[in-house]
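Notes to accompany the following structure.
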Amino acid sequence: MLAILWQLERTQWWDPERLGAYQLLQLSALLRHAARTAPAQARRLAGFRDLAPGALTAEAFAAIPPMGREAAQAAGEGLRSTAPPAAHGQVGFGSTSGSSGRPMALARSELDVLTGEALLQRANQWFGRDMAWTQAYVGPAGARGEGRRDAWSRALPLGAAHVVDVRRPADEVLARLDAIRPQLLAIWPSLLAELIRLRPVPPEGLREVATYGETVPPGLRALCRERWGVPLRDGYSAEEVGPIAHECPHGRWHVHAEHVLVEVLDAAGRPCAPGETGRVVLSGLHSHAMPMIRMETGDLATPAAPCPCGRGLPALARIDGRVRDLVELADGRRVLPTFDEAALSAAAPGLRRYQLVRLRPGAVEARVVVAAPLAPQERRALAAAFAAGIEPGGASGDSGGGASSGHAPGGASGVPPGGASGLPAGSLAGVTVEVREAAGLETAASGKRLATLG
Ligand SMILES: [Zn+2]
């Protein structure tokens, strides 16, 4: 582990060409291995069965058709290698939680998992986190359940880590955190927003929040800084490969290029230039137990120009939510709803939780849990704040049968022609948001708490 970490400290400064050459070398071996031992990929990768070591070209790799989520789910265990390299250690099996639709098979080797843990340590170092800090991890508790773990990672047994089940109601999560007194809190952004709204004072001793698992909504960083007085740092990961990218102190997300290849592709399948939004296609360089080669993630991202920090790791300016959460408008364009948490809190200080549900084309219901009944002006302001998050610049107010010209969100299909950004403000047709106060919200065990559209 320490040896891996030592290597990763050096390779982050490699120039992009050297990192790219290293990736091709790794992919070369992975492709040959996958073509020979992953039954569900044999046909797709047939041309690579006899690939000589290091013979892969960037052009040949880019010609491999990306595999969609549905195809990957349908392939099931056929995605796994029947002969994972012994040198990569034991293989752990599982499946993704699959918040919607069928879960996907998983298999990761010890080497793959350890590399992921080393990458988390590297990200900790980017922010100068003290390894003796106590960490609270609010997330799926897994088979081991809640409680204290010996350490953040197996190889560096310093600070303790405590697991809190994400399915607990927010007030219980807060009570747990008060007892644990973490310096570092790892949590989903939507749940963090709930906790901050529930109580403007952080758990005692908290120094930093690390978010993961969802797009950080606009305004949440400011809310976290203003009310809790601590910075928020974001990471991007997937169960199939572990850590993919982390924010650097310059506010860009650096891809962990020694571990994953992230391609951001436009609608025609070409790489996006800095500033263009496209879909994320992922390859896992240590994924020999279940070769991940050009897999569609369903996420959107925007590449950035090289980062001033000098790291050669590719930089992303934004990582936008999930393609399946896009709302299609009447004119065929799709938008990604992003709700300004600060604006929502300003509109209705008593707001605790919310969930959005499609009612009919052009109409969305915002189910809200509030501390006290909403005053009429709060209700209107809240509806406007939600509408602004669905339709930038074209917000319309609360209920009463307004224009219903938006198109309802469908399932997962395709990608917006020009990406989710760059929409001309104020030029879109109306979407009506109806605010309904609810006693509680349904939270699927494996689902996210926020913005469930469609
Ligand atoms: Zn940087």
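In the structure tokens, chains take the letters A, B, ... in the order shown, each chain's residues start at 1, and ligands count up from 1 in the order shown.
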Close residues to ligand 1 using only C-alpha atoms and all ligand atoms, limit 12 Å, as a PDB file with C-alpha atoms, in the first residue's frame:
ATOM      1  CA  GLN A  12       0.425  12.718 -10.633  1.00  0.00           C
ATOM      2  CA  TRP A  13       3.144  15.100 -11.880  1.00  0.00           C
ATOM      3  CA  ALA A 123      -6.748  12.884  -2.305  1.00  0.00           C
ATOM      4  CA  TRP A 126      -4.145  17.084  -1.624  1.00  0.00           C
ATOM      5  CA  PHE A 127      -6.177  18.742   1.086  1.00  0.00           C
ATOM      6  CA  ALA A 245     -11.644  11.804  -9.702  1.00  0.00           C
ATOM      7  CA  HIS A 246     -11.224  14.204  -6.800  1.00  0.00           C
ATOM      8  CA  GLU A 247     -11.279  17.941  -6.532  1.00  0.00           C
ATOM      9  CA  CYS A 248      -7.905  19.597  -6.200  1.00  0.00           C
ATOM     10  CA  PRO A 249      -7.380  22.783  -4.197  1.00  0.00           C
ATOM     11  CA  HIS A 250      -7.854  24.706  -7.473  1.00  0.00           C
ATOM     12  CA  GLY A 251     -11.463  23.586  -7.722  1.00  0.00           C
ATOM     13  CA  ARG A 252     -11.102  21.172 -10.628  1.00  0.00           C
ATOM     14  CA  TRP A 253     -11.618  17.471 -10.521  1.00  0.00           C
ATOM     15  CA  HIS A 254      -8.476  15.502 -11.334  1.00  0.00           C
ATOM     16  CA  VAL A 255      -9.010  12.130 -12.929  1.00  0.00           C
ATOM     17  CA  HIS A 256      -6.970   9.365 -11.292  1.00  0.00           C
ATOM     18  CA  ALA A 304     -11.134  21.536 -18.314  1.00  0.00           C
ATOM     19  CA  ALA A 305      -7.905  23.049 -19.573  1.00  0.00           C
ATOM     20  CA  PRO A 306      -4.750  21.916 -17.732  1.00  0.00           C
ATOM     21  CA  CYS A 307      -4.877  22.854 -14.064  1.00  0.00           C
ATOM     22  CA  PRO A 308      -2.637  25.598 -12.640  1.00  0.00           C
ATOM     23  CA  CYS A 309      -1.533  23.211  -9.885  1.00  0.00           C
ATOM     24  CA  GLY A 310       0.746  21.557 -12.441  1.00  0.00           C
ATOM     25  CA  ARG A 311      -0.537  18.001 -12.062  1.00  0.00           C
ATOM     26  CA  GLY A 312      -0.545  16.148 -15.352  1.00  0.00           C
ATOM     27  CA  LEU A 313      -3.717  14.264 -14.435  1.00  0.00           C
ATOM     28  CA  PRO A 314      -6.606  15.185 -16.759  1.00  0.00           C
ATOM     29  CA  ALA A 315      -8.879  17.856 -15.293  1.00  0.00           C
ATOM     30  CA  LEU A 316     -12.655  18.158 -15.368  1.00  0.00           C
ATOM     31  CA  ALA A 317     -14.388  21.492 -14.882  1.00  0.00           C
TER      32      ALA A 317
END
I need the strand (DSSP E) residues of segment 55-285 of chain A per DSSP on the backbone, written as a PyMOL selection string. chain A and resi 91-95+105-109+135-139+147-149+161-165+184-187+208-211+232-238+242-247+253-255+260-265+278-284
Using C-alpha atoms, can you write the selected residues to a file as a tab-separated table (two decimals), in the first residue's frame?
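Output (again.tsv):
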chain	number	residue	atom	x	y	z
A	91	VAL	CA	-11.40	-11.38	-6.06
A	92	GLY	CA	-14.39	-10.01	-4.19
A	93	PHE	CA	-17.84	-10.33	-5.76
A	94	GLY	CA	-20.96	-8.27	-5.40
A	95	SER	CA	-23.44	-6.22	-7.34
A	105	ALA	CA	-22.63	-7.68	-11.42
A	106	LEU	CA	-19.37	-6.64	-9.78
A	107	ALA	CA	-15.98	-8.24	-9.26
A	108	ARG	CA	-12.85	-6.48	-8.06
A	109	SER	CA	-9.43	-7.87	-7.24
A	135	GLN	CA	-13.86	10.15	10.09
A	136	ALA	CA	-17.61	9.60	9.92
A	137	TYR	CA	-18.85	7.91	6.78
A	138	VAL	CA	-22.58	8.25	6.18
A	139	GLY	CA	-23.51	5.80	3.47
A	147	GLY	CA	-20.14	1.06	13.90
A	148	ARG	CA	-16.49	1.79	14.36
A	149	ARG	CA	-13.87	0.59	11.92
A	161	ALA	CA	-13.62	5.64	10.96
A	162	HIS	CA	-17.27	5.33	11.96
A	163	VAL	CA	-20.03	4.14	9.64
A	164	VAL	CA	-23.52	5.64	9.95
A	165	ASP	CA	-26.34	4.09	7.92
A	184	LEU	CA	-14.04	14.66	8.54
A	185	LEU	CA	-17.56	13.84	7.40
A	186	ALA	CA	-18.09	11.83	4.18
A	187	ILE	CA	-21.69	12.08	2.99
A	208	GLU	CA	-14.20	19.37	6.59
A	209	VAL	CA	-16.95	17.69	4.57
A	210	ALA	CA	-16.16	15.25	1.75
A	211	THR	CA	-19.08	14.62	-0.59
A	232	LEU	CA	-16.78	21.00	1.16
A	233	ARG	CA	-14.61	18.85	-1.15
A	234	ASP	CA	-16.09	16.56	-3.72
A	235	GLY	CA	-15.06	13.19	-5.08
A	236	TYR	CA	-16.39	11.16	-8.02
A	237	SER	CA	-16.42	7.40	-7.82
A	238	ALA	CA	-18.17	4.30	-9.10
A	242	GLY	CA	-13.65	2.90	-6.90
A	243	PRO	CA	-12.31	6.47	-7.01
A	244	ILE	CA	-12.44	8.15	-10.44
A	245	ALA	CA	-11.64	11.80	-9.70
A	246	HIS	CA	-11.22	14.20	-6.80
A	247	GLU	CA	-11.28	17.94	-6.53
A	253	TRP	CA	-11.62	17.47	-10.52
A	254	HIS	CA	-8.48	15.50	-11.33
A	255	VAL	CA	-9.01	12.13	-12.93
A	260	VAL	CA	-9.03	4.83	-14.80
A	261	LEU	CA	-9.34	6.22	-18.28
A	262	VAL	CA	-12.15	8.77	-18.44
A	263	GLU	CA	-13.31	9.75	-21.90
A	264	VAL	CA	-15.84	12.56	-22.32
A	265	LEU	CA	-17.59	12.06	-25.65
A	278	GLY	CA	-20.46	15.16	-22.97
A	279	ARG	CA	-21.07	11.70	-21.63
A	280	VAL	CA	-18.54	9.90	-19.46
A	281	VAL	CA	-17.18	6.61	-20.82
A	282	LEU	CA	-15.04	4.73	-18.35
A	283	SER	CA	-12.27	2.15	-18.53
A	284	GLY	CA	-10.69	0.60	-15.42
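Atom CA of Pro203 of chain A sits 7.4 Å away from atom CA of Leu174 of chain A.
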Spatial neighbours of segment 37-52 of chain A, max dist 8 Å, only C-alpha atoms, sep filter under 5 positions, as a PDB file with C-alpha atoms, in the first residue's frame:
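part.pdb, written as the output of this step:
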ATOM      1  CA  SER A  28      -3.163  -3.298 -24.109  1.00  0.00           C
ATOM      2  CA  LEU A  31      -7.901  -5.892 -23.724  1.00  0.00           C
ATOM      3  CA  ARG A  32      -6.096  -9.124 -24.571  1.00  0.00           C
ATOM      4  CA  ILE A  64     -14.246  -0.013 -29.702  1.00  0.00           C
ATOM      5  CA  PRO A  65     -17.976   0.677 -29.389  1.00  0.00           C
ATOM      6  CA  ALA A  75     -24.461  -9.433 -19.688  1.00  0.00           C
ATOM      7  CA  GLY A  78     -20.573 -12.854 -18.244  1.00  0.00           C
ATOM      8  CA  LEU A  79     -18.705  -9.584 -17.829  1.00  0.00           C
ATOM      9  CA  ARG A  80     -16.447 -11.175 -15.241  1.00  0.00           C
ATOM     10  CA  SER A  81     -13.177 -12.793 -16.170  1.00  0.00           C
ATOM     11  CA  THR A  82     -13.109 -16.574 -15.838  1.00  0.00           C
ATOM     12  CA  ALA A  83      -9.370 -16.380 -15.080  1.00  0.00           C
ATOM     13  CA  MET A 290     -14.315  -7.746 -14.432  1.00  0.00           C
ATOM     14  CA  PRO A 291     -12.829  -5.860 -17.357  1.00  0.00           C
TER      15      PRO A 291
END
Could you name the residues that touch segment 111-122 of chain A at 8 Å or less, counting only C-alpha atoms, but leaving out those on the same chain fewer than 4 positions away, as an MDAnalysis selection string? chainID A and resid 1:2 4:5 8:9 88:89 126 153 241:243 256 259 286:287
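For Pro200 of chain A, the non-local neighbours within 7 Å, defined as residues at least 4 positions apart in the same chain or in other chains and counting only C-alpha atoms, are A:Ile196, A:Arg227, A:Trp228.
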Next, the residues of the selection above should be written as an mmCIF file, in the first residue's frame with N, CA and C atoms.
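Output saved as part19.cif:
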data_model
loop_
_atom_site.group_PDB
_atom_site.id
_atom_site.type_symbol
_atom_site.label_atom_id
_atom_site.label_comp_id
_atom_site.auth_asym_id
_atom_site.auth_seq_id
_atom_site.Cartn_x
_atom_site.Cartn_y
_atom_site.Cartn_z
ATOM 1 N N ILE A 196 -27.811 20.368 7.248
ATOM 2 C CA ILE A 196 -27.525 21.794 7.476
ATOM 3 C C ILE A 196 -28.821 22.562 7.679
ATOM 4 N N ARG A 227 -23.015 28.250 7.130
ATOM 5 C CA ARG A 227 -23.709 27.792 8.343
ATOM 6 C C ARG A 227 -22.820 26.893 9.202
ATOM 7 N N TRP A 228 -22.064 26.015 8.553
ATOM 8 C CA TRP A 228 -21.250 25.075 9.328
ATOM 9 C C TRP A 228 -19.797 25.529 9.429
#
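Remark: for Glu70 of chain A, the closest of the candidate residues A:Pro53, A:Gly298, A:Gly275, A:Gly145 is A:Gly298 (distances computed over only C-alpha atoms).
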